[in-house]
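Chemist: final28.txt is the file, holding compact mmCIF, C-alpha atoms:
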```txt
# COMPACT_ATOMS: atom_id res chain seq x y z
CA MET A 10 3.49 3.46 -18.26
CA ILE A 11 6.48 1.64 -16.91
CA PHE A 12 5.75 -1.31 -14.61
CA GLU A 13 8.65 -1.94 -12.22
CA LYS A 14 8.79 -5.23 -10.32
CA THR A 15 10.17 -5.05 -6.80
CA SER A 16 12.07 -7.63 -4.77
CA ILE A 17 8.62 -9.13 -4.06
CA PRO A 18 7.50 -9.56 -7.70
CA CYS A 19 3.75 -9.18 -7.12
CA VAL A 20 4.31 -5.72 -5.56
CA ILE A 21 4.60 -3.32 -8.49
CA LYS A 22 5.65 0.31 -8.90
CA ILE A 23 3.92 2.00 -11.83
CA HIS A 24 5.58 5.05 -13.35
CA PRO A 25 3.17 7.05 -15.53
CA ASP A 26 4.37 8.80 -18.66
CA VAL A 27 3.98 12.44 -17.56
CA HIS A 28 3.69 15.03 -20.34
CA LYS A 29 4.73 18.49 -19.09
CA ASP A 30 4.70 21.88 -20.77
CA ASN A 31 4.21 25.53 -19.81
CA ARG A 32 0.52 24.84 -19.03
CA GLY A 33 1.19 22.08 -16.51
CA TYR A 34 1.12 18.32 -17.02
CA PHE A 35 -1.03 15.43 -18.21
CA PHE A 36 -0.78 11.67 -17.68
CA GLU A 37 -2.96 8.58 -17.76
CA SER A 38 -3.31 7.55 -14.13
CA PHE A 39 -4.89 4.16 -14.83
CA LYS A 40 -5.37 2.28 -18.08
CA LYS A 41 -6.92 -1.18 -17.75
CA ASN A 42 -5.46 -2.61 -20.95
CA GLU A 43 -1.91 -1.62 -19.90
CA PHE A 44 -2.41 -3.48 -16.61
CA GLU A 45 -3.82 -6.52 -18.44
CA LYS A 46 -0.73 -6.63 -20.71
CA LYS A 47 1.30 -7.13 -17.52
CA ASN A 48 -1.07 -9.86 -16.26
CA LEU A 49 -2.47 -7.50 -13.64
CA ASN A 50 -6.08 -8.46 -14.27
CA MET A 51 -7.66 -6.92 -11.21
CA LYS A 52 -11.12 -5.46 -11.00
CA PHE A 53 -11.36 -2.35 -8.88
CA VAL A 54 -14.66 -1.87 -7.03
CA GLN A 55 -14.02 1.02 -4.63
CA ASP A 56 -11.98 4.23 -4.66
CA ASN A 57 -10.90 5.87 -1.41
CA GLN A 58 -9.24 9.15 -0.48
CA ALA A 59 -7.72 10.17 2.87
CA GLN A 60 -6.36 13.52 3.97
CA SER A 61 -3.77 13.45 6.73
CA SER A 62 -1.46 15.91 8.46
CA LYS A 63 2.30 15.67 8.85
CA GLY A 64 3.37 12.78 11.08
CA VAL A 65 0.19 10.73 10.72
CA LEU A 66 0.98 7.03 10.38
CA ARG A 67 -1.85 4.77 9.19
CA GLY A 68 -1.50 1.01 9.28
CA LEU A 69 -0.44 -1.63 8.90
CA HIS A 70 -3.93 -2.76 7.76
CA TYR A 71 -5.35 -5.78 5.93
CA GLN A 72 -8.63 -7.62 5.46
CA LEU A 73 -8.62 -11.39 5.87
CA ASN A 74 -11.93 -12.70 4.45
CA ASN A 75 -12.31 -9.89 1.92
CA PRO A 76 -8.69 -9.24 0.92
CA GLN A 77 -8.05 -6.02 -0.94
CA GLY A 78 -5.50 -5.35 -3.62
CA LYS A 79 -4.74 -1.63 -3.60
CA LEU A 80 -3.41 0.71 -6.24
CA VAL A 81 -2.19 3.69 -4.19
CA TRP A 82 -0.86 7.17 -4.96
CA VAL A 83 -0.62 10.70 -3.58
CA THR A 84 -2.24 13.74 -5.23
CA LEU A 85 -0.97 16.26 -2.67
CA GLY A 86 2.12 16.04 -0.53
CA LYS A 87 4.50 13.19 0.21
CA VAL A 88 4.23 9.89 2.10
CA PHE A 89 6.43 6.94 2.96
CA ASP A 90 4.42 3.88 1.86
CA VAL A 91 4.82 0.29 3.08
CA ALA A 92 3.60 -3.13 1.92
CA VAL A 93 4.35 -6.19 4.10
CA ASP A 94 3.90 -9.78 2.92
CA ILE A 95 1.88 -11.50 5.65
CA ARG A 96 0.78 -14.54 3.60
CA LYS A 97 1.59 -17.66 5.62
CA GLY A 98 3.64 -20.04 3.49
CA SER A 99 4.98 -17.27 1.24
CA PRO A 100 8.71 -17.36 0.41
CA THR A 101 8.77 -13.61 1.23
CA PHE A 102 6.70 -13.82 4.44
CA GLY A 103 7.47 -10.91 6.78
CA GLN A 104 9.38 -8.95 4.14
CA SER A 105 8.40 -5.41 3.24
CA ILE A 106 8.66 -3.09 0.28
CA THR A 107 8.78 0.65 0.92
CA THR A 108 8.60 3.60 -1.42
CA LEU A 109 8.05 7.34 -1.45
CA LEU A 110 4.84 8.55 -3.08
CA ASP A 111 4.37 12.22 -3.88
CA ASP A 112 2.58 14.71 -6.10
CA LYS A 113 5.75 15.33 -8.16
CA SER A 114 6.62 11.83 -9.44
CA HIS A 115 2.98 10.62 -9.58
CA LEU A 116 4.26 7.10 -8.86
CA ARG A 117 1.58 4.45 -8.33
CA PHE A 118 2.18 1.47 -6.04
CA TYR A 119 0.26 -1.80 -6.35
CA VAL A 120 -0.14 -3.68 -3.05
CA PRO A 121 -1.67 -7.13 -3.70
CA PRO A 122 -4.24 -8.93 -1.53
CA GLY A 123 -2.56 -10.72 1.37
CA PHE A 124 -0.31 -7.80 2.26
CA ALA A 125 -0.54 -5.43 5.20
CA HIS A 126 -0.34 -1.81 4.08
CA GLY A 127 0.41 1.50 5.74
CA TYR A 128 1.91 4.92 5.23
CA HIS A 129 3.51 7.82 7.09
CA VAL A 130 2.89 11.45 6.02
CA LEU A 131 6.10 13.43 5.47
CA SER A 132 4.66 16.70 4.11
CA GLU A 133 2.55 19.27 5.98
CA ASN A 134 -0.56 17.63 4.50
CA ALA A 135 -1.15 14.76 2.13
CA ILE A 136 -4.05 13.48 0.08
CA PHE A 137 -3.73 9.72 -0.31
CA ASN A 138 -5.79 7.81 -2.89
CA TYR A 139 -6.37 4.14 -3.46
CA LYS A 140 -8.36 1.91 -5.78
CA CYS A 141 -9.40 -1.36 -4.10
CA THR A 142 -10.20 -4.78 -5.54
CA ASP A 143 -12.74 -5.50 -2.79
CA TYR A 144 -15.02 -3.39 -0.62
CA TYR A 145 -14.02 -2.14 2.79
CA HIS A 146 -15.48 -4.35 5.54
CA PRO A 147 -14.79 -2.76 8.95
CA GLU A 148 -15.63 -6.01 10.75
CA ASP A 149 -12.88 -7.76 8.72
CA GLU A 150 -10.12 -5.24 9.33
CA HIS A 151 -6.96 -6.56 10.95
CA GLY A 152 -3.49 -5.18 11.39
CA VAL A 153 0.15 -5.65 12.23
CA LYS A 154 2.02 -3.37 14.65
CA TRP A 155 3.72 -0.62 12.63
CA ASN A 156 7.04 -0.89 14.51
CA ASP A 157 7.23 -4.70 14.72
CA PRO A 158 10.99 -5.40 15.11
CA SER A 159 10.74 -8.69 13.16
CA ILE A 160 9.58 -6.80 10.07
CA ASN A 161 12.26 -4.16 10.63
CA ILE A 162 10.77 -1.36 8.55
CA GLU A 163 13.14 1.61 8.40
CA TRP A 164 10.52 4.31 8.87
CA VAL A 165 11.51 7.89 8.03
CA LYS A 166 12.49 9.77 11.17
CA GLY A 167 9.99 12.19 12.62
CA ASP A 168 6.91 12.35 14.77
CA LYS A 169 4.39 9.53 14.44
CA ILE A 170 0.71 10.26 15.11
CA ILE A 171 -0.97 6.86 15.45
CA SER A 172 -4.57 5.98 16.26
CA GLN A 173 -5.31 3.94 19.37
CA LYS A 174 -6.61 1.12 17.16
CA ASP A 175 -3.38 0.97 15.15
CA SER A 176 -1.27 1.19 18.33
CA ASN A 177 -3.01 -1.92 19.68
CA PHE A 178 -2.12 -4.20 16.75
CA LEU A 179 0.19 -7.13 17.55
CA ASN A 180 3.59 -7.99 16.13
CA LEU A 181 3.35 -10.40 13.19
CA ASN A 182 4.77 -13.35 15.17
CA LYS A 183 2.08 -12.85 17.87
CA ILE A 184 -0.89 -12.96 15.47
CA ASP A 185 -2.85 -16.23 15.43
CA GLU A 186 -2.10 -17.96 12.09
CA ALA A 187 -5.85 -18.36 11.54
CA LEU A 188 -5.96 -14.55 11.22
CA LEU A 189 -3.34 -14.43 8.44
CA PRO A 190 -3.95 -14.87 4.71
CA THR A 191 -2.57 -17.97 2.97
CA TYR A 192 -0.03 -17.82 0.15
CA SER A 193 -1.06 -19.05 -3.27
CA GLU A 194 1.22 -19.22 -6.31
CA LYS A 195 -1.66 -17.99 -8.49
CA PRO A 196 -1.43 -14.23 -9.15
```
Show me, as structure tokens, the structure contained in the file I just sent.

Modeler:
Amino acid sequence: MIFEKTSIPCVIKIHPDVHKDNRGYFFESFKKNEFEKKNLNMKFVQDNQAQSSKGVLRGLHYQLNNPQGKLVWVTLGKVFDVAVDIRKGSPTFGQSITTLLDDKSHLRFYVPPGFAHGYHVLSENAIFNYKCTDYYHPEDEHGVKWNDPSINIEWVKGDKIISQKDSNFLNLNKIDEALLPTYSEKP
């Protein structure tokens, strides 16, 4: 596995070593000791999978009192994935990292706790998977408006199918600071 730091160092792209031959391919999708060697000592407690059609945009979601780190990937299709630093006091507050996830590259993307996360489906269908470091608590779910101009995410062109809940999220600068996570220098 190759661990690639991004411009926000705690957001990591993980490139698996894919072994291909005439039968197909094989790779290790998660290996705890490889993550620990990179000081990524997270404990995953819940795995999720979502199927979505072309154009579906989910996010930008986060949990405040039960923050989730997420290791995300796509097993079918292609998505445009986004992580936004919303930790008040962070030197990268309001900045985002984007990447393409698909069933060809098998890229994994680690989104740490304290980040809002979302994705937009680019293929006809997509199966999106994520391992979480905390359980999902629906009463603790919060969000940031997907098209917040202050974040300035350059979403891939195309239709956007967005839930009413996600459409109602506020821009980051309109969210009460008490509803934002706090930055800590500890990983």

Chemist: Just the residues within 9 Å of region 76-83 of chain A, please, counting all atoms listed in the file, with nothing from its chain fewer than 4 positions along; format it as an MDAnalysis selection string.

Modeler: chainID A and resid 51 53 71:72 87:88 90 110:112 115:124 126 135:145 149 190

Chemist: Using all atoms listed in the file for the distances, tell me which of A:Lys113, A:Ile184, A:Arg96, A:Lys14 is nearest to Gly33 (chain A).

Modeler: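 Checking each of A:Lys113, A:Ile184, A:Arg96, A:Lys14 against Gly33 (chain A), counting all atoms listed in the file, the winner is A:Lys113.
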
Chemist: Find the residues around Asn161 (chain A) up to 10 Å (all atoms listed in the file counted), leave out those fewer than 6 positions away in its own chain, and share them as a PyMOL selection string.

Modeler: chain A and resi 103-105+155

Chemist: Which of these, A:Asp157, A:Glu194, A:Glu133, A:Glu150, has the shortest distance to Asn180 (chain A) once you count all atoms listed in the file?

Modeler: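 Of A:Asp157, A:Glu194, A:Glu133, A:Glu150, the one nearest Asn180 (chain A), counting all atoms listed in the file, is A:Asp157.
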
Chemist: Hey, can you check how far CA of Asp94 (chain A) sits from CA of Thr191 (chain A)?

Modeler: 10.4 Å

Chemist: How many Å separate CA of Ser172 (chain A) from CA of Pro147 (chain A)?

Modeler: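 Spanning CA of Ser172 (chain A) to CA of Pro147 (chain A) is a straight-line distance of 15.3 Å.
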
Chemist: I'd like the box whose edges run along x, y and z of the file and which contains every listed atom of region 71-77 of chain A, padded by 5 Å per side; could you state its centre and edge lengths in Å, one decimal, as JSON?

Modeler:
```
{"center_x": -8.8, "center_y": -9.2, "center_z": 2.5, "size_x": 17.0, "size_y": 16.9, "size_z": 16.9}
```

Chemist: Would you please work out which residue, of A:Ile17, A:Ala59, A:Asn75, A:Glu43, is nearest to Val93 (chain A) when using only C-alpha atoms?

Modeler: A:Ile17

Chemist: So the first atom is CA of Thr107 (chain A) and the second is CA of Ile162 (chain A); what is the distance between them in Å, to one decimal place?

Modeler: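 Answer for the CA of Thr107 (chain A) to CA of Ile162 (chain A) separation: 8.1 Å.
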
Chemist: Tell me which of A:Leu179, A:Ile171, A:Ile11, A:Cys19 sits closest to Ser99 (chain A), counting only C-alpha atoms.

Modeler: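 Going through A:Leu179, A:Ile171, A:Ile11, A:Cys19 one by one, the smallest distance to Ser99 (chain A) is for A:Cys19.
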